[in-house]
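Visitor: Following this line is data.cif, made up of mmCIF, C-alpha atoms:
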data_model
loop_
_atom_site.label_atom_id
_atom_site.label_comp_id
_atom_site.auth_asym_id
_atom_site.auth_seq_id
_atom_site.Cartn_x
_atom_site.Cartn_y
_atom_site.Cartn_z
CA MET H 1 52.10 -32.01 -23.44
CA LYS H 2 51.53 -29.69 -20.59
CA GLY H 3 48.46 -27.63 -20.56
CA ILE H 4 44.82 -28.17 -19.86
CA ALA H 5 44.97 -31.96 -19.83
CA GLU H 6 47.59 -32.00 -17.11
CA LEU H 7 45.83 -29.30 -15.12
CA ILE H 8 42.57 -31.24 -15.10
CA HIS H 9 44.39 -34.39 -14.10
CA THR H 10 46.09 -32.78 -11.15
CA GLY H 11 42.87 -31.23 -10.04
CA THR H 12 44.20 -27.69 -9.85
CA VAL H 13 41.69 -26.39 -12.32
CA SER H 14 38.00 -26.97 -11.85
CA TYR H 15 36.09 -26.99 -15.10
CA LYS H 16 32.93 -26.41 -13.16
CA THR H 17 33.56 -22.72 -12.75
CA ARG H 18 29.94 -21.69 -12.33
CA LYS H 19 28.62 -21.84 -8.77
CA GLU H 20 25.72 -24.20 -8.80
CA LYS H 21 22.64 -23.03 -6.95
CA PRO H 22 19.89 -25.41 -5.92
CA PRO H 23 16.83 -25.08 -8.16
CA VAL H 24 14.21 -22.71 -6.78
CA LYS H 25 10.90 -24.41 -6.12
CA VAL H 26 7.44 -23.28 -5.13
CA GLU H 27 7.00 -24.37 -1.54
CA ASN H 28 3.41 -23.29 -1.16
CA GLU H 29 0.82 -21.30 -3.06
CA MET H 30 -2.63 -19.84 -2.59
CA SER H 31 -5.28 -18.81 -5.09
CA LEU H 32 -8.03 -16.41 -4.14
CA ARG H 33 -11.03 -15.15 -6.00
CA LEU H 34 -12.84 -12.26 -4.38
CA PRO H 35 -15.57 -9.95 -5.64
CA ALA H 36 -14.18 -6.47 -6.25
CA LEU H 37 -15.97 -5.02 -3.23
CA SER H 38 -14.23 -2.39 -1.17
CA ARG H 39 -15.02 -4.34 1.98
CA ASN H 40 -12.84 -7.14 0.63
CA GLU H 41 -9.76 -4.93 0.75
CA GLY H 42 -9.33 -5.80 4.42
CA VAL H 43 -10.25 -9.43 3.81
CA CYS H 44 -7.64 -9.70 1.05
CA ARG H 45 -4.93 -8.16 3.25
CA ALA H 46 -5.71 -10.53 6.09
CA LEU H 47 -5.71 -13.63 3.88
CA VAL H 48 -2.46 -12.80 2.12
CA ALA H 49 -0.78 -11.88 5.41
CA ALA H 50 -1.97 -15.08 7.05
CA PHE H 51 -0.57 -17.10 4.16
CA VAL H 52 2.79 -15.32 4.00
CA ALA H 53 3.19 -15.64 7.79
CA GLN H 54 4.32 -19.24 7.40
CA ALA H 55 7.55 -17.97 5.82
CA ASP H 56 8.33 -16.12 9.07
CA PRO H 57 8.60 -12.60 7.65
CA THR H 58 9.60 -9.69 9.83
CA ILE H 59 6.87 -7.32 11.04
CA GLU H 60 8.07 -4.78 8.49
CA GLU H 61 8.04 -7.23 5.60
CA LEU H 62 4.52 -8.35 6.42
CA ALA H 63 3.33 -4.76 6.75
CA ASP H 64 4.93 -3.95 3.38
CA ILE H 65 3.12 -6.84 1.74
CA ARG H 66 -0.23 -5.98 3.34
CA CYS H 67 0.05 -2.43 2.10
CA ALA H 68 1.07 -3.37 -1.44
CA VAL H 69 -1.71 -5.93 -1.75
CA SER H 70 -4.23 -3.42 -0.40
CA GLU H 71 -3.23 -0.95 -3.10
CA ALA H 72 -3.52 -3.54 -5.87
CA PHE H 73 -6.91 -4.75 -4.72
CA THR H 74 -8.16 -1.19 -4.36
CA ASN H 75 -7.04 -0.42 -7.92
CA ALA H 76 -9.14 -3.33 -9.16
CA THR H 77 -12.19 -2.17 -7.22
CA VAL H 78 -11.98 1.56 -7.90
CA HIS H 79 -10.46 1.72 -11.37
CA ALA H 80 -10.73 -1.63 -13.16
CA TYR H 81 -14.38 -2.19 -12.42
CA ARG H 82 -15.25 1.39 -11.48
CA GLU H 83 -17.06 0.08 -8.39
CA LYS H 84 -19.27 -2.23 -10.46
CA ASN H 85 -19.38 -6.04 -10.27
CA GLY H 86 -16.20 -7.85 -11.02
CA LEU H 87 -13.84 -10.48 -9.73
CA VAL H 88 -10.28 -10.08 -8.51
CA TYR H 89 -7.90 -13.02 -8.67
CA ILE H 90 -5.04 -13.09 -6.22
CA ALA H 91 -2.27 -15.67 -6.39
CA VAL H 92 0.47 -15.88 -3.78
CA ARG H 93 3.53 -18.11 -4.10
CA LEU H 94 6.25 -18.85 -1.57
CA PHE H 95 9.56 -19.98 -3.06
CA SER H 96 12.34 -22.05 -1.53
CA ASP H 97 14.78 -19.15 -1.75
CA ARG H 98 12.47 -17.09 0.45
CA HIS H 99 10.98 -14.85 -2.13
CA VAL H 100 7.25 -14.24 -2.44
CA THR H 101 5.30 -13.40 -5.58
CA ILE H 102 1.85 -11.89 -5.42
CA THR H 103 -0.24 -11.50 -8.55
CA VAL H 104 -3.43 -9.46 -8.56
CA ARG H 105 -5.44 -9.83 -11.72
CA ASP H 106 -8.71 -8.39 -12.93
CA SER H 107 -10.71 -8.46 -16.17
CA GLY H 108 -11.75 -4.85 -15.95
CA CYS H 109 -11.28 -1.89 -18.21
CA GLY H 110 -7.50 -2.06 -18.42
CA ILE H 111 -4.97 0.75 -18.41
CA THR H 112 -4.43 2.82 -21.56
CA ASP H 113 -0.97 4.07 -20.63
CA VAL H 114 0.75 1.98 -17.97
CA LYS H 115 3.81 4.21 -17.79
CA GLN H 116 1.64 7.22 -17.11
CA ALA H 117 -0.48 5.32 -14.60
CA ARG H 118 2.62 4.40 -12.61
CA GLN H 119 3.69 8.03 -12.22
CA PRO H 120 3.31 9.33 -8.68
CA LEU H 121 0.20 11.42 -8.11
CA PHE H 122 -1.33 10.47 -11.47
CA THR H 123 -4.93 9.31 -11.17
CA THR H 124 -7.88 8.88 -13.51
CA ASP H 125 -10.26 9.34 -10.60
CA LYS H 126 -12.63 12.23 -11.13
CA SER H 127 -14.08 12.44 -7.63
CA GLY H 128 -10.91 13.97 -6.24
CA ASP H 129 -10.43 11.65 -3.32
CA ARG H 130 -7.71 9.38 -4.75
CA SER H 131 -4.12 10.37 -4.10
CA GLY H 132 -2.70 8.70 -7.21
CA MET H 133 -0.02 6.98 -5.15
CA GLY H 134 -1.16 3.34 -5.42
CA PHE H 135 1.53 2.15 -7.80
CA SER H 136 4.19 4.25 -6.08
CA VAL H 137 3.40 2.60 -2.76
CA MET H 138 3.42 -0.86 -4.38
CA GLU H 139 6.78 -0.12 -5.97
CA SER H 140 8.25 1.28 -2.76
CA PHE H 141 7.20 -1.59 -0.54
CA THR H 142 8.15 -4.47 -2.85
CA ASP H 143 11.34 -5.43 -4.65
CA ARG H 144 9.90 -5.67 -8.15
CA LEU H 145 6.61 -4.56 -9.67
CA THR H 146 5.36 -5.61 -13.09
CA VAL H 147 2.15 -4.24 -14.59
CA VAL H 148 0.65 -5.77 -17.71
CA SER H 149 -2.55 -4.25 -19.01
CA HIS H 150 -4.52 -3.72 -22.20
CA PRO H 151 -7.62 -1.58 -22.55
CA GLY H 152 -10.65 -3.86 -22.50
CA SER H 153 -8.67 -6.91 -21.40
CA GLY H 154 -7.96 -6.27 -17.78
CA THR H 155 -4.82 -5.78 -15.71
CA ARG H 156 -2.29 -8.06 -14.07
CA VAL H 157 -0.01 -6.72 -11.35
CA THR H 158 2.85 -8.92 -10.15
CA MET H 159 4.83 -8.03 -7.04
CA VAL H 160 7.99 -9.77 -5.86
CA LYS H 161 9.27 -9.49 -2.31
CA TYR H 162 12.51 -11.06 -1.12
CA LEU H 163 12.25 -11.99 2.53
CA ALA H 164 15.30 -11.79 4.73
CA MET N 1 -15.92 -4.31 12.62
CA ALA N 2 -12.88 -6.51 12.06
CA PHE N 3 -11.04 -4.32 9.58
CA GLY N 4 -12.89 -1.10 10.29
CA ALA N 5 -11.79 2.36 11.23
CA ASP N 6 -13.27 4.73 13.76
CA ALA N 7 -12.96 8.42 14.46
CA THR N 8 -13.72 10.02 17.81
CA MET N 9 -13.87 13.80 17.97
CA GLU N 10 -13.66 16.44 20.65
CA TYR N 11 -13.96 20.18 20.15
CA ARG N 12 -12.33 22.51 22.63
CA ASP N 13 -10.65 25.93 22.44
CA ALA N 14 -11.07 26.23 18.66
CA VAL N 15 -9.35 22.89 18.16
CA LEU N 16 -11.13 19.87 16.74
CA ALA N 17 -9.22 16.91 18.12
CA VAL N 18 -9.81 13.77 16.06
CA SER N 19 -8.50 10.37 17.05
CA ILE N 20 -8.55 7.82 14.24
CA SER N 21 -8.26 4.14 15.10
CA GLY N 22 -8.20 0.91 13.12
CA GLU N 23 -7.33 0.22 9.53
CA ILE N 24 -7.61 3.04 7.01
CA ASP N 25 -8.15 1.78 3.48
CA HIS N 26 -10.37 2.89 0.61
CA HIS N 27 -13.38 1.21 2.20
CA THR N 28 -13.02 2.46 5.75
CA ALA N 29 -11.81 5.93 4.76
CA ARG N 30 -15.28 6.86 3.52
CA SER N 31 -17.07 6.92 6.87
CA VAL N 32 -14.09 8.51 8.59
CA ARG N 33 -14.00 11.21 5.91
CA ASP N 34 -17.68 12.02 6.34
CA ALA N 35 -17.43 12.12 10.12
CA ILE N 36 -14.47 14.52 10.12
CA ASP N 37 -15.98 16.77 7.46
CA LYS N 38 -19.18 16.98 9.49
CA GLY N 39 -17.15 18.03 12.51
CA ILE N 40 -15.23 20.65 10.53
CA TYR N 41 -18.36 22.27 9.14
CA LEU N 42 -20.20 22.06 12.45
CA TYR N 43 -17.52 23.52 14.72
CA ARG N 44 -15.52 25.57 12.20
CA PRO N 45 -12.32 25.19 14.26
CA LEU N 46 -9.05 27.02 13.76
CA CYS N 47 -7.15 23.77 13.85
CA VAL N 48 -7.99 20.15 13.10
CA ARG N 49 -5.70 17.85 15.05
CA LEU N 50 -5.52 14.30 13.68
CA ASP N 51 -4.12 11.78 16.14
CA LEU N 52 -2.93 8.70 14.26
CA SER N 53 -1.54 6.79 17.25
CA ARG N 54 -4.26 4.17 17.08
CA VAL N 55 -4.09 3.61 13.33
CA SER N 56 -3.03 -0.01 12.81
CA PHE N 57 -2.90 0.14 9.01
CA MET N 58 -2.90 2.82 6.35
CA ASP N 59 -2.39 2.72 2.61
CA SER N 60 -2.55 5.54 0.06
CA SER N 61 -6.29 5.88 0.70
CA GLY N 62 -5.33 7.29 4.07
CA LEU N 63 -3.16 9.77 2.24
CA GLY N 64 -6.20 10.85 0.25
CA LEU N 65 -8.18 11.04 3.47
CA ILE N 66 -5.65 13.37 5.08
CA LEU N 67 -5.16 15.62 2.05
CA GLY N 68 -8.92 15.75 1.46
CA ARG N 69 -9.40 16.95 5.03
CA VAL N 70 -6.80 19.66 4.51
CA ALA N 71 -8.93 20.86 1.58
CA THR N 72 -12.12 20.82 3.68
CA ALA N 73 -10.38 22.58 6.57
CA GLU N 74 -9.13 25.24 4.20
CA LYS N 75 -12.75 26.08 3.32
CA VAL N 76 -13.42 27.12 6.92
CA GLY N 77 -10.02 28.70 7.33
CA ALA N 78 -8.58 25.92 9.45
CA SER N 79 -5.22 24.18 9.33
CA VAL N 80 -4.55 20.49 9.96
CA GLU N 81 -2.04 18.95 12.35
CA LEU N 82 -0.90 15.33 12.34
CA LEU N 83 0.09 13.70 15.60
CA HIS N 84 1.81 10.40 16.39
CA VAL N 85 2.65 9.59 12.78
CA SER N 86 4.41 6.23 12.51
CA PRO N 87 7.57 5.90 10.37
CA ARG N 88 5.59 3.90 7.81
CA ILE N 89 2.87 6.55 7.47
CA LEU N 90 5.53 9.26 7.32
CA ARG N 91 7.14 7.38 4.44
CA ILE N 92 3.87 7.35 2.51
CA LEU N 93 3.32 11.05 3.22
CA ASN N 94 6.79 11.91 1.95
CA MET N 95 6.29 9.87 -1.22
CA ALA N 96 3.53 12.25 -2.22
CA GLY N 97 5.23 15.37 -0.92
CA ALA N 98 2.29 15.80 1.45
CA LEU N 99 4.34 17.58 4.08
CA ARG N 100 4.98 20.44 1.68
CA VAL N 101 1.25 21.18 1.46
CA PRO N 102 0.39 24.48 3.14
CA GLY N 103 -2.22 24.04 5.82
CA LEU N 104 -0.75 20.71 6.95
CA ARG N 105 1.69 20.41 9.83
CA LEU N 106 3.37 17.38 11.31
CA ILE N 107 3.82 17.46 15.09
CA THR N 108 6.64 15.22 16.25
CA GLU N 109 6.92 13.45 19.64
CA LYS N 110 8.95 16.28 21.08
CA GLY N 111 6.15 18.68 20.21
CA GLU N 112 8.12 20.40 17.48
CA THR N 113 6.65 21.23 14.15
CA HIS N 114 8.29 19.23 11.39
CA VAL N 115 8.10 20.73 7.91
#
I'd like the structure from this file rewritten - as structure tokens, please.
Guide:
Amino acid sequence: MKGIAELIHTGTVSYKTRKEKPPVKVENEMSLRLPALSRNEGVCRALVAAFVAQADPTIEELADIRCAVSEAFTNATVHAYREKNGLVYIAVRLFSDRHVTITVRDSGCGITDVKQARQPLFTTDKSGDRSGMGFSVMESFTDRLTVVSHPGSGTRVTMVKYLA
Amino acid sequence: MAFGADATMEYRDAVLAVSISGEIDHHTARSVRDAIDKGIYLYRPLCVRLDLSRVSFMDSSGLGLILGRVATAEKVGASVELLHVSPRILRILNMAGALRVPGLRLITEKGETHV
């Protein structure tokens, strides 16, 4: 009987129709724990940039990452801990398909309304010096931004950047 | 300072020329803010010219720094000009609609005023 059996036999139909991609692995990762001090904003940028450099990013990609990380760390210092003592955990992962994930986590006060917080120009800062653009900058300079937060439980920001 | 920022100022012909260098983040913006505000209140210029050519890094804290200075300048009746704004900084400014703020002008390389 003609049909599928004959087609498979003659090799004109491949039953493996899905393109198989090699599994994506973590090639390298870094874990940082820094006190939520404003002077560590520069330290954090430098450490993350130094680590990501091994993946040979372009100048633009590295600058994007430095800026996004700076915003996330600043959020933890200014908002999560309201400039009091606290720790910020930063995890950076380099994947075999050349994407980078950066997670910035704190155990501070948490965000009541994440959707509202992510709106451009929105800020809970009373002193009037914050532009309210932190999340907007993070979103603009990375390929995917995820924010998970609960009041009283802290905040976790995950940024994904696909390197060329 | 490794990741610091610095502001040098010169007052001449009713213009307070400020050159900011280094990395502007939430931490470094504080001292730069205070220095510029001091200059604005001391000299009461007609124009505050911020030269950003030597800024190696700026995040949204720099945005707050610039807009906050526009507010201070307004108190003494001065306007603010931005010079040598890199494409990256311009992108951040546009995100917040900063260039639509009255009292703030962007001076491009050709010397034209970009609005």
Visitor: Restrict the distance test to only C-alpha atoms, flag each residue of chain H within 9 Å of chain N, and return the flagged residues as a PyMOL selection string.
Guide: chain H and resi 37-43+46+63+66-68+70-71+74+78+120-121+128-134+136-137+140
Visitor: Have a look at N:Val70, N:Val32, N:Leu90, N:Tyr43 and name the one nearest to Ala14 of chain N; count only C-alpha atoms.
Guide: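 The answer is N:Tyr43, which sits nearest to Ala14 of chain N.
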Visitor: Interatomic distance between atom CA of Lys21 of chain H and atom CA of Asp97 of chain H?
Guide: 10.2 Å
Visitor: Please compute the atom CA of Gly110 of chain H-atom CA of Ser149 of chain H distance, one decimal, in Å.
Guide: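 These atoms are spaced 5.4 Å apart.
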Visitor: Check which residues satisfy the PyMOL selection byres ((chain N and resi 16) around 8) in the file shown, then give them as a CSV table (one decimal) with C-alpha atoms, keeping the file's coordinate frame.
Guide:
chain,number,residue,atom,x,y,z
N,9,MET,CA,-13.9,13.8,18.0
N,10,GLU,CA,-13.7,16.4,20.6
N,11,TYR,CA,-14.0,20.2,20.2
N,12,ARG,CA,-12.3,22.5,22.6
N,14,ALA,CA,-11.1,26.2,18.7
N,15,VAL,CA,-9.4,22.9,18.2
N,17,ALA,CA,-9.2,16.9,18.1
N,18,VAL,CA,-9.8,13.8,16.1
N,39,GLY,CA,-17.2,18.0,12.5
N,40,ILE,CA,-15.2,20.6,10.5
N,43,TYR,CA,-17.5,23.5,14.7
N,45,PRO,CA,-12.3,25.2,14.3
N,47,CYS,CA,-7.2,23.8,13.8
N,48,VAL,CA,-8.0,20.2,13.1
N,49,ARG,CA,-5.7,17.8,15.0
Visitor: Please write the residues picked by the PyMOL selection byres ((chain H and resi 29) around 6) on this file as a tab-separated table (two decimals) with C-alpha atoms, in the frame of the given file.
Guide:
chain	number	residue	atom	x	y	z
H	28	ASN	CA	3.41	-23.29	-1.16
H	30	MET	CA	-2.63	-19.84	-2.59
H	92	VAL	CA	0.47	-15.88	-3.78
H	93	ARG	CA	3.53	-18.11	-4.10
Visitor: Can you give me, as a PDB file with C-alpha atoms, in the coordinates of the input, the residues this file yields under the PyMOL selection byres ((chain H and resi 83) around 12)?
Guide:
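Written output follows (part_27.pdb):
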ATOM      1  CA  PRO H  35     -15.570  -9.950  -5.640  1.00  0.00           C
ATOM      2  CA  ALA H  36     -14.180  -6.470  -6.250  1.00  0.00           C
ATOM      3  CA  LEU H  37     -15.970  -5.020  -3.230  1.00  0.00           C
ATOM      4  CA  SER H  38     -14.230  -2.390  -1.170  1.00  0.00           C
ATOM      5  CA  ARG H  39     -15.020  -4.340   1.980  1.00  0.00           C
ATOM      6  CA  PHE H  73      -6.910  -4.750  -4.720  1.00  0.00           C
ATOM      7  CA  THR H  74      -8.160  -1.190  -4.360  1.00  0.00           C
ATOM      8  CA  ASN H  75      -7.040  -0.420  -7.920  1.00  0.00           C
ATOM      9  CA  ALA H  76      -9.140  -3.330  -9.160  1.00  0.00           C
ATOM     10  CA  THR H  77     -12.190  -2.170  -7.220  1.00  0.00           C
ATOM     11  CA  VAL H  78     -11.980   1.560  -7.900  1.00  0.00           C
ATOM     12  CA  HIS H  79     -10.460   1.720 -11.370  1.00  0.00           C
ATOM     13  CA  ALA H  80     -10.730  -1.630 -13.160  1.00  0.00           C
ATOM     14  CA  TYR H  81     -14.380  -2.190 -12.420  1.00  0.00           C
ATOM     15  CA  ARG H  82     -15.250   1.390 -11.480  1.00  0.00           C
ATOM     16  CA  LYS H  84     -19.270  -2.230 -10.460  1.00  0.00           C
ATOM     17  CA  ASN H  85     -19.380  -6.040 -10.270  1.00  0.00           C
ATOM     18  CA  GLY H  86     -16.200  -7.850 -11.020  1.00  0.00           C
ATOM     19  CA  LEU H  87     -13.840 -10.480  -9.730  1.00  0.00           C
ATOM     20  CA  GLY H 108     -11.750  -4.850 -15.950  1.00  0.00           C
ATOM     21  CA  CYS H 109     -11.280  -1.890 -18.210  1.00  0.00           C
ATOM     22  CA  ASP H 125     -10.260   9.340 -10.600  1.00  0.00           C
TER      23      ASP H 125
ATOM     24  CA  HIS N  26     -10.370   2.890   0.610  1.00  0.00           C
ATOM     25  CA  HIS N  27     -13.380   1.210   2.200  1.00  0.00           C
TER      26      HIS N  27
END
Visitor: Could you give me the axis-aligned bounding box of segment 22-35 of chain H, with 5 Å of padding per side, as centre plus edge lengths in Å to one decimal, as JSON?
Guide:
{"center_x": 2.2, "center_y": -17.7, "center_z": -4.7, "size_x": 45.5, "size_y": 25.5, "size_z": 17.0}
Visitor: Have a look at atom CA of Ile107 of chain N and atom CA of Lys38 of chain N and let me know their distance in Å, one decimal.
Guide: 23.7 Å
Visitor: With all atoms listed in the file as the basis for distance, which of N:Ser21, N:Ser31, N:Ser53, N:Thr72 is at the shortest distance from Ser86 of chain N?
Guide: N:Ser53
Visitor: Please list, as a list in words, the residues that have an atom at most 7 Å away from (8.1, 13.0, 15.4) in the coordinates of this file, counting all atoms listed in the file.
Guide: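 Applying the cut-off with all atoms listed in the file, one gets His84, Val85, Ile107, Thr108, Glu109 and Lys110 of chain N.
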